[in-house]
$ cat coords06.txt   # compact mmCIF, C-alpha atoms
# COMPACT_ATOMS: atom_id res chain seq x y z
CA MET A 264 -13.88 44.69 -12.24
CA ALA A 265 -12.00 42.21 -10.09
CA ARG A 266 -11.66 42.69 -6.35
CA ALA A 267 -8.63 44.37 -4.85
CA ILE A 268 -5.56 42.16 -5.03
CA GLU A 269 -4.88 42.68 -1.31
CA ARG A 270 -8.29 41.24 -0.36
CA ILE A 271 -7.78 38.26 -2.66
CA GLU A 272 -4.37 37.56 -1.16
CA GLN A 273 -5.92 37.64 2.32
CA ASP A 274 -8.44 35.04 1.21
CA ILE A 275 -5.66 32.88 -0.24
CA ALA A 276 -3.66 33.15 2.99
CA ALA A 277 -6.70 32.04 4.98
CA LEU A 278 -7.22 29.10 2.61
CA GLN A 279 -3.56 28.11 2.93
CA GLU A 280 -3.87 28.09 6.71
CA ALA A 281 -6.95 25.88 6.47
CA ILE A 282 -5.15 23.53 4.06
CA ARG A 283 -2.18 23.27 6.44
CA ALA A 284 -4.61 22.24 9.17
CA ILE A 285 -6.11 19.65 6.80
CA ALA A 286 -2.58 18.38 6.00
CA THR A 287 -1.87 17.86 9.70
CA GLU A 288 -5.21 16.12 10.20
CA LEU A 289 -4.71 13.93 7.14
CA GLN A 290 -1.23 12.93 8.28
CA SER A 291 -2.61 12.02 11.70
CA ALA A 292 -5.43 10.03 10.13
CA TYR A 293 -3.02 8.08 7.92
CA ALA A 294 -0.71 7.40 10.86
CA SER A 295 -3.63 5.77 12.65
CA TYR A 296 -4.83 4.01 9.49
CA LEU A 297 -1.46 2.57 8.51
CA ASN A 298 -0.78 1.41 12.05
CA SER A 299 -4.16 -0.38 12.06
CA LEU A 300 -3.50 -1.71 8.56
CA GLY A 301 -0.16 -3.15 9.65
CA LEU A 302 -1.81 -5.06 12.49
CA ALA A 303 -4.65 -6.22 10.24
CA VAL A 304 -2.28 -7.32 7.46
CA ARG A 305 -0.30 -9.48 9.87
CA LYS A 306 -3.51 -11.10 11.08
CA GLN A 307 -4.94 -11.66 7.60
CA LEU A 308 -1.65 -13.05 6.28
CA ILE A 309 -1.65 -15.64 9.06
CA LEU A 310 -5.31 -16.51 8.45
CA ALA A 311 -4.77 -16.82 4.70
CA SER A 312 -1.71 -19.01 5.27
CA TYR A 313 -3.70 -21.15 7.72
CA HIS A 314 -6.48 -21.71 5.19
CA LEU A 315 -4.00 -22.50 2.43
CA CYS A 316 -2.08 -25.00 4.57
CA THR A 317 -5.11 -26.71 6.14
CA GLN A 318 -7.71 -26.52 3.36
CA GLY A 319 -5.82 -25.87 0.14
CA TYR A 320 -2.87 -28.23 0.60
CA PRO A 321 -3.36 -30.21 3.83
CA GLU A 322 -1.41 -33.24 2.56
CA ASN A 323 1.62 -31.14 1.68
CA PHE A 324 1.54 -29.40 5.06
CA LEU A 325 1.29 -32.72 6.89
CA HIS A 326 4.41 -33.95 5.10
CA LEU A 327 6.42 -31.26 6.89
CA SER A 328 8.15 -32.11 10.14
CA LEU A 329 7.18 -30.29 13.34
CA ASN A 330 10.32 -28.18 13.11
CA GLN A 331 9.62 -27.29 9.47
CA ARG A 332 6.08 -26.21 10.33
CA GLN A 333 7.33 -24.03 13.16
CA GLN A 334 9.99 -22.48 10.94
CA LEU A 335 7.38 -21.77 8.27
CA GLN A 336 4.99 -20.18 10.77
CA GLN A 337 7.77 -18.05 12.23
CA ALA A 338 8.82 -16.86 8.78
CA ILE A 339 5.21 -15.96 7.88
CA ARG A 340 4.87 -13.93 11.08
CA LYS A 341 8.13 -12.14 10.30
CA LEU A 342 7.01 -11.26 6.81
CA GLY A 343 3.85 -9.71 8.25
CA GLN A 344 5.89 -7.74 10.77
CA LEU A 345 8.23 -6.39 8.08
CA ALA A 346 5.26 -5.30 5.96
CA ALA A 347 3.67 -3.52 8.94
CA GLU A 348 6.90 -1.60 9.55
CA GLN A 349 7.24 -0.70 5.88
CA LEU A 350 3.72 0.78 5.83
CA LEU A 351 4.78 3.44 8.34
CA ILE A 352 8.03 4.46 6.64
CA TYR A 353 6.33 6.91 4.27
CA LEU A 354 5.03 8.93 7.21
CA THR A 355 8.55 9.63 8.47
CA SER A 356 9.98 12.96 7.38
CA GLU A 357 13.57 11.75 7.46
CA GLU A 358 15.23 8.37 7.97
CA SER A 359 18.51 8.11 9.84
CA ALA A 360 21.31 5.82 8.81
CA GLU A 361 20.74 3.94 12.04
CA ASP A 362 17.17 3.14 10.98
CA GLU A 363 18.42 1.84 7.64
CA VAL A 364 20.90 -0.43 9.41
CA ASP A 365 18.12 -1.74 11.67
CA GLU A 366 16.03 -2.59 8.62
CA GLU A 367 18.90 -4.50 7.04
CA ASP A 368 19.42 -6.42 10.28
CA GLU A 369 15.75 -7.37 10.34
CA ILE A 370 15.93 -8.64 6.77
CA ASP A 371 19.01 -10.71 7.61
CA GLU A 372 17.21 -12.10 10.64
CA VAL A 373 14.37 -13.38 8.46
CA ASP A 374 16.76 -14.92 5.98
CA GLU A 375 18.57 -16.76 8.80
CA VAL A 376 15.40 -18.40 10.15
CA ASP A 377 15.81 -21.29 7.77
CA GLU A 378 17.50 -20.83 4.41
CA GLU A 379 15.76 -23.89 3.02
CA VAL A 380 12.32 -22.52 3.91
CA THR A 381 12.59 -18.74 3.86
CA PRO A 382 13.17 -16.76 0.67
CA SER A 383 14.67 -13.29 0.77
CA SER A 384 12.14 -10.73 1.98
CA SER A 385 14.19 -7.70 1.00
CA SER A 386 11.77 -7.00 -1.86
CA LEU A 387 9.27 -5.85 0.75
CA PHE A 388 11.41 -2.80 1.38
CA LEU A 389 10.66 -0.23 -1.29
CA ASP A 390 13.11 2.50 -2.31
CA THR A 391 12.16 5.54 -0.22
CA SER A 392 15.21 7.62 -1.12
CA ASN A 393 13.31 9.66 -3.71
CA SER A 394 9.94 9.75 -1.96
CA GLN A 395 8.40 13.10 -1.14
CA TYR A 396 7.30 13.39 2.46
CA LEU A 397 4.50 15.51 3.79
CA THR A 398 5.53 18.42 6.02
CA ALA A 399 3.50 20.44 8.48
CA ASN A 400 3.82 23.50 6.18
CA THR A 401 2.04 21.88 3.26
CA SER A 402 -0.42 24.48 1.97
CA ASP A 403 -0.74 23.40 -1.66
CA PRO A 404 -3.83 21.18 -2.10
CA ILE A 405 -2.43 19.68 -5.29
CA GLU A 406 0.78 18.53 -3.59
CA LEU A 407 -1.22 17.24 -0.65
CA ALA A 408 -3.46 15.23 -2.99
CA LYS A 409 -0.39 13.80 -4.76
CA TRP A 410 1.08 12.77 -1.41
CA GLN A 411 -2.17 11.03 -0.45
CA GLN A 412 -2.39 9.21 -3.78
CA LYS A 413 1.24 8.10 -3.55
CA LEU A 414 0.63 6.74 -0.05
CA GLU A 415 -2.31 4.67 -1.30
CA GLU A 416 -0.20 3.31 -4.16
CA VAL A 417 2.60 2.37 -1.76
CA ALA A 418 0.16 0.49 0.50
CA GLN A 419 -1.16 -1.48 -2.48
CA GLU A 420 2.37 -2.23 -3.67
CA ILE A 421 3.39 -3.51 -0.25
CA LEU A 422 0.37 -5.85 -0.16
CA LYS A 423 1.29 -7.10 -3.63
CA LYS A 424 4.91 -7.74 -2.65
CA LEU A 425 3.88 -9.37 0.61
CA SER A 426 1.50 -11.73 -1.22
CA HIS A 427 4.22 -12.65 -3.69
CA ASP A 428 6.87 -13.24 -1.00
CA ALA A 429 4.44 -15.28 1.10
CA ASN A 430 3.62 -17.51 -1.87
CA LEU A 431 7.33 -18.02 -2.58
CA LEU A 432 7.83 -18.88 1.07
CA LEU A 433 5.05 -21.48 1.00
CA GLN A 434 6.35 -22.91 -2.25
CA LYS A 435 9.89 -23.21 -0.94
CA ALA A 436 8.56 -24.93 2.18
CA GLY A 437 6.81 -27.51 0.00
CA VAL A 438 3.21 -26.46 0.66
CA LEU A 439 2.55 -24.85 -2.70
CA PRO A 440 3.48 -27.08 -5.68
CA LYS A 441 7.17 -26.94 -6.52
CA LYS A 442 6.49 -26.86 -10.26
CA LEU A 443 4.27 -23.79 -10.00
CA PRO A 444 5.88 -21.26 -12.41
CA GLU A 445 7.09 -17.92 -11.05
CA PRO A 446 4.82 -15.97 -13.47
CA ILE A 447 1.81 -17.67 -11.91
CA LEU A 448 2.84 -16.53 -8.44
CA ALA A 449 3.37 -13.02 -9.76
CA ALA A 450 -0.07 -13.06 -11.41
CA ALA A 451 -1.66 -14.21 -8.17
CA ALA A 452 -0.11 -11.35 -6.22
CA ALA A 453 -1.02 -8.78 -8.88
CA ALA A 454 -4.63 -9.91 -9.37
CA SER A 455 -7.04 -7.00 -9.00
CA GLU A 456 -9.71 -6.98 -6.32
CA ALA A 457 -12.44 -6.94 -8.93
CA SER A 458 -11.22 -10.10 -10.64
CA ALA A 459 -10.46 -11.87 -7.36
CA GLU A 460 -13.85 -11.20 -5.78
CA VAL A 461 -15.56 -13.27 -8.45
CA MET A 462 -13.97 -16.42 -7.07
CA PRO A 463 -15.62 -17.86 -3.94
CA GLY A 464 -13.58 -18.97 -0.98
CA PRO A 465 -11.77 -17.66 2.12
CA PRO A 466 -10.70 -13.99 2.07
CA ASN A 467 -7.31 -12.98 0.70
CA LEU A 468 -6.88 -16.22 -1.22
CA LEU A 469 -7.09 -16.63 -4.97
CA ASN A 470 -8.19 -19.79 -6.73
CA LEU A 471 -6.48 -20.24 -10.08
CA VAL A 472 -6.99 -22.87 -12.77
CA ILE A 473 -3.84 -23.19 -14.86
CA GLU A 474 -2.69 -25.45 -17.67
CA ILE A 475 0.49 -27.41 -16.93
CA GLU A 476 2.33 -29.18 -19.74
CA ASN A 477 3.41 -32.75 -19.33
CA GLU A 478 7.21 -32.95 -19.18
CA GLN A 479 7.20 -36.30 -20.96
CA GLN A 480 4.86 -35.28 -23.76
CA SER A 481 5.04 -31.59 -24.71
CA GLU A 482 1.70 -31.73 -26.53
CA ASP A 483 -0.07 -33.19 -23.51
CA SER A 484 -1.29 -30.83 -20.79
CA ARG A 485 -3.74 -30.84 -17.90
CA LEU A 486 -5.75 -28.28 -15.97
CA THR A 487 -4.73 -27.83 -12.34
CA GLN A 488 -6.43 -25.77 -9.66
CA ILE A 489 -4.04 -23.64 -7.61
CA MET A 490 -4.73 -21.74 -4.42
CA ALA A 491 -2.44 -18.80 -3.63
CA ILE A 492 -2.31 -15.86 -1.24
CA ASN A 493 -3.63 -12.56 -2.62
CA LEU A 494 -3.98 -9.94 0.12
CA ARG A 495 -6.67 -7.43 -0.90
CA LEU A 496 -7.13 -4.08 0.78
CA GLY A 497 -10.91 -4.14 0.49
CA GLU A 498 -11.21 -7.48 2.26
CA ILE A 499 -8.72 -6.49 4.94
CA GLU A 500 -10.63 -3.28 5.69
CA PHE A 501 -13.98 -5.11 5.69
CA ALA A 502 -12.77 -7.56 8.33
CA ASP A 503 -11.43 -4.92 10.73
CA VAL A 504 -13.70 -2.41 12.49
CA THR A 505 -10.88 -0.08 13.51
CA LEU A 506 -9.46 -0.02 10.00
CA SER A 507 -12.88 0.70 8.49
CA SER A 508 -13.35 3.58 10.93
CA ASP A 509 -9.94 5.01 10.02
CA ARG A 510 -10.82 4.79 6.33
CA LYS A 511 -14.09 6.70 6.90
CA ARG A 512 -12.15 9.43 8.69
CA ILE A 513 -9.74 9.73 5.76
CA ARG A 514 -12.60 9.98 3.27
CA SER A 515 -14.21 12.73 5.34
CA ILE A 516 -10.94 14.71 5.40
CA LEU A 517 -10.51 14.28 1.65
CA VAL A 518 -13.99 15.71 1.05
CA GLN A 519 -12.90 18.83 2.97
CA LEU A 520 -9.63 18.96 1.04
CA ASN A 521 -11.43 18.79 -2.32
CA LYS A 522 -13.72 21.62 -1.29
CA LEU A 523 -10.80 23.79 -0.16
CA GLY A 524 -8.86 22.86 -3.29
CA ARG A 525 -11.63 24.12 -5.56
CA GLU A 526 -11.86 27.38 -3.61
CA TYR A 527 -8.04 27.71 -3.67
CA LYS A 528 -7.96 27.33 -7.45
CA LYS A 529 -10.81 29.81 -7.84
CA ARG A 530 -9.04 32.45 -5.73
CA TYR A 531 -5.75 32.08 -7.62
CA LYS A 532 -7.57 32.55 -10.92
CA GLU A 533 -9.29 35.60 -9.48
CA LYS A 534 -5.92 36.97 -8.40
CA ALA A 535 -4.45 36.43 -11.87
CA ILE A 536 -7.38 38.32 -13.41
CA ALA A 537 -7.00 41.20 -10.94
CA GLU A 538 -3.26 41.43 -11.59
CA ALA A 539 -3.82 41.37 -15.35
CA GLU A 540 -6.39 44.16 -15.11
CA ALA A 541 -4.01 46.22 -12.97
CA ALA A 542 -1.19 45.63 -15.46
CA TRP A 543 -3.44 46.72 -18.31
CA ARG A 544 -4.37 49.94 -16.56
CA ALA A 545 -0.75 50.63 -15.63
CA SER A 546 0.44 50.38 -19.23
CA TRP A 547 -2.51 52.04 -20.93
CA PHE A 548 -2.28 55.67 -21.98
CA GLU A 549 -4.26 57.88 -24.35

$ encode --input "coords06.txt" --output "structure tokens"
Amino acid sequence: MARAIERIEQDIAALQEAIRAIATELQSAYASYLNSLGLAVRKQLILASYHLCTQGYPENFLHLSLNQRQQLQQAIRKLGQLAAEQLLIYLTSEESAEDEVDEEDEIDEVDEVDEEVTPSSSSLFLDTSNSQYLTANTSDPIELAKWQQKLEEVAQEILKKLSHDANLLLQKAGVLPKKLPEPILAAAAAASEASAEVMPGPPNLLNLVIEIENEQQSEDSRLTQIMAINLRLGEIEFADVTLSSDRKRIRSILVQLNKLGREYKKRYKEKAIAEAEAAWRASWFE
């Protein structure tokens, strides 16, 4: 016979309290992690751009004037800053209209750096209007796990968009080849870590060999090696001690959450059985 329903409910209440504590700890851990990630992303974007300009396409970079180089560097820094800010948005429980205006102003500021060099960076800002934020009262392990998974997906999406926008920026500036098709830039940004790690070279850069058709003779084509920015979370974490430490803390918290989640599910099933048995006894008569 199942345990008394009151005792089971007490166990569930205790588990919910423990899960709320885990939710608070997980939110704190991600606040630290995403702040560290924002700083690391800015650094790695600059390093990747440096390698691409000085080792991938040094001749193209040298063709730029001093002012053009400075404008390009400023725009790259701004892109990294916008990405760092976007990483923290999903930890905010509610966004004010004033914050939204500030974001639009920042986007406009990037676009005004140099219209001939800087593409629109508004794609970095994801739609957060329908996002579900974590609250301090979160006691459902399933919802907490969904929130954590969504946060990880958002971080990956921001890195993908940042890589794509940075490549467009470098192409518009004349560093990346002008004839490089847009689908190639999109493929570079979307390349998985597994496929990118096979290629040797500096971190967060992807070496591509593509076939470009000759404009004069459609049947004639040639293979061309292309280097493009591809920011990868694994490489960014590996290069930053603080970020690696934050990731270990998150993994440790998730282990605790999984354990509590299994116990939570077990207790709810036990409660359902106890309630069913009580209902059976209540309706049974000789």

$ atom_distance --input "coords06.txt" --atom1 "atom CA of Met490 of chain A" --atom2 "atom CA of Leu469 of chain A"
5.7 Å

$ closest_residue --input "coords06.txt" --among "A:Ile513, A:Ala418, A:Leu520, A:Ile447" --to "Gln488 of chain A" --atoms "all atoms listed in the file"
A:Ile447

$ closest_residue --input "coords06.txt" --among "A:Gln519, A:Lys306, A:Tyr296, A:Leu506" --to "Leu414 of chain A" --atoms "only C-alpha atoms"
A:Tyr296

$ closest_residue --input "coords06.txt" --among "A:Ala303, A:Ala436, A:Leu496, A:Ala408" --to "Val518 of chain A" --atoms "all atoms listed in the file"
A:Ala408

$ residues_near_point --input "coords06.txt" --point "(-11.9, -9.0, 1.8)" --cutoff "9 Å" --atoms "only C-alpha atoms" --output "compact mmCIF listing (two decimals) with C-alpha atoms, in the coordinates of the input"
# COMPACT_ATOMS: atom_id res chain seq x y z
CA GLU A 456 -9.71 -6.98 -6.32
CA GLU A 460 -13.85 -11.20 -5.78
CA PRO A 465 -11.77 -17.66 2.12
CA PRO A 466 -10.70 -13.99 2.07
CA ASN A 467 -7.31 -12.98 0.70
CA LEU A 494 -3.98 -9.94 0.12
CA ARG A 495 -6.67 -7.43 -0.90
CA LEU A 496 -7.13 -4.08 0.78
CA GLY A 497 -10.91 -4.14 0.49
CA GLU A 498 -11.21 -7.48 2.26
CA ILE A 499 -8.72 -6.49 4.94
CA GLU A 500 -10.63 -3.28 5.69
CA PHE A 501 -13.98 -5.11 5.69
CA ALA A 502 -12.77 -7.56 8.33

$ atom_distance --input "coords06.txt" --atom1 "atom CA of Asp503 of chain A" --atom2 "atom CA of Ser299 of chain A"
8.7 Å

$ atom_distance --input "coords06.txt" --atom1 "atom CA of Gly301 of chain A" --atom2 "atom CA of Asn470 of chain A"
24.7 Å

$ residues_around --input "coords06.txt" --residues "Ala281 of chain A" --least-positions-apart "3" --cutoff "12 Å" --atoms "all atoms listed in the file" --output "number ranges by chain"
A: 274-278, 284-288, 399-404, 516, 519-520, 522-524, 526-527

$ axis_aligned_box --input "coords06.txt" --around "segment 409-426 of chain A" --padding-each-side "5 Å" --output "AutoDock Vina command-line options"
--center_x 1.3 --center_y 1.0 --center_z -2.1 --size_x 17.3 --size_y 35.5 --size_z 15.4

$ closest_residue --input "coords06.txt" --among "A:Tyr531, A:Ile271, A:Leu327, A:Arg283" --to "Leu407 of chain A" --atoms "all atoms listed in the file"
A:Arg283

$ residues_around --input "coords06.txt" --residues "Lys532 of chain A" --least-positions-apart "4" --cutoff "12 Å" --atoms "only C-alpha atoms" --output "list in words"
Ala265, Arg266, Ile268, Ile271, Glu272, Ile275, Arg525, Glu526, Tyr527, Lys528, Ile536, Ala537, Glu538 and Ala539 of chain A

$ closest_residue --input "coords06.txt" --among "A:Lys409, A:Arg305, A:Arg544, A:Arg512" --to "Ser426 of chain A" --atoms "all atoms listed in the file"
A:Arg305

$ residues_around --input "coords06.txt" --residues "Asn298 of chain A" --least-positions-apart "2" --cutoff "8 Å" --atoms "all atoms listed in the file" --output "list in words"
Ala294, Ser295, Tyr296, Leu300, Gly301, Leu302, Ala347, Leu350 and Leu351 of chain A

$ closest_residue --input "coords06.txt" --among "A:Cys316, A:Ile282, A:Ala267, A:Leu297" --to "Ser507 of chain A" --atoms "all atoms listed in the file"
A:Leu297

$ residues_near_point --input "coords06.txt" --point "(7.3, -19.7, -4.0)" --cutoff "10 Å" --atoms "all atoms listed in the file" --output "NGL selection string"
:A and (380-382 or 427-445 or 447-449 or 491)

$ write_last_selection --input "coords06.txt" --atoms "C-alpha atoms" --output "JSON list (two decimals), keeping the file's coordinate frame"
[["chain", "number", "residue", "atom", "x", "y", "z"],
["A", 380, "VAL", "CA", 12.32, -22.52, 3.91],
["A", 381, "THR", "CA", 12.59, -18.74, 3.86],
["A", 382, "PRO", "CA", 13.17, -16.76, 0.67],
["A", 427, "HIS", "CA", 4.22, -12.65, -3.69],
["A", 428, "ASP", "CA", 6.87, -13.24, -1.00],
["A", 429, "ALA", "CA", 4.44, -15.28, 1.10],
["A", 430, "ASN", "CA", 3.62, -17.51, -1.87],
["A", 431, "LEU", "CA", 7.33, -18.02, -2.58],
["A", 432, "LEU", "CA", 7.83, -18.88, 1.07],
["A", 433, "LEU", "CA", 5.05, -21.48, 1.00],
["A", 434, "GLN", "CA", 6.35, -22.91, -2.25],
["A", 435, "LYS", "CA", 9.89, -23.21, -0.94],
["A", 436, "ALA", "CA", 8.56, -24.93, 2.18],
["A", 437, "GLY", "CA", 6.81, -27.51, 0.00],
["A", 438, "VAL", "CA", 3.21, -26.46, 0.66],
["A", 439, "LEU", "CA", 2.55, -24.85, -2.70],
["A", 440, "PRO", "CA", 3.48, -27.08, -5.68],
["A", 441, "LYS", "CA", 7.17, -26.94, -6.52],
["A", 442, "LYS", "CA", 6.49, -26.86, -10.26],
["A", 443, "LEU", "CA", 4.27, -23.79, -10.00],
["A", 444, "PRO", "CA", 5.88, -21.26, -12.41],
["A", 445, "GLU", "CA", 7.09, -17.92, -11.05],
["A", 447, "ILE", "CA", 1.81, -17.67, -11.91],
["A", 448, "LEU", "CA", 2.84, -16.53, -8.44],
["A", 449, "ALA", "CA", 3.37, -13.02, -9.76],
["A", 491, "ALA", "CA", -2.44, -18.80, -3.63]]
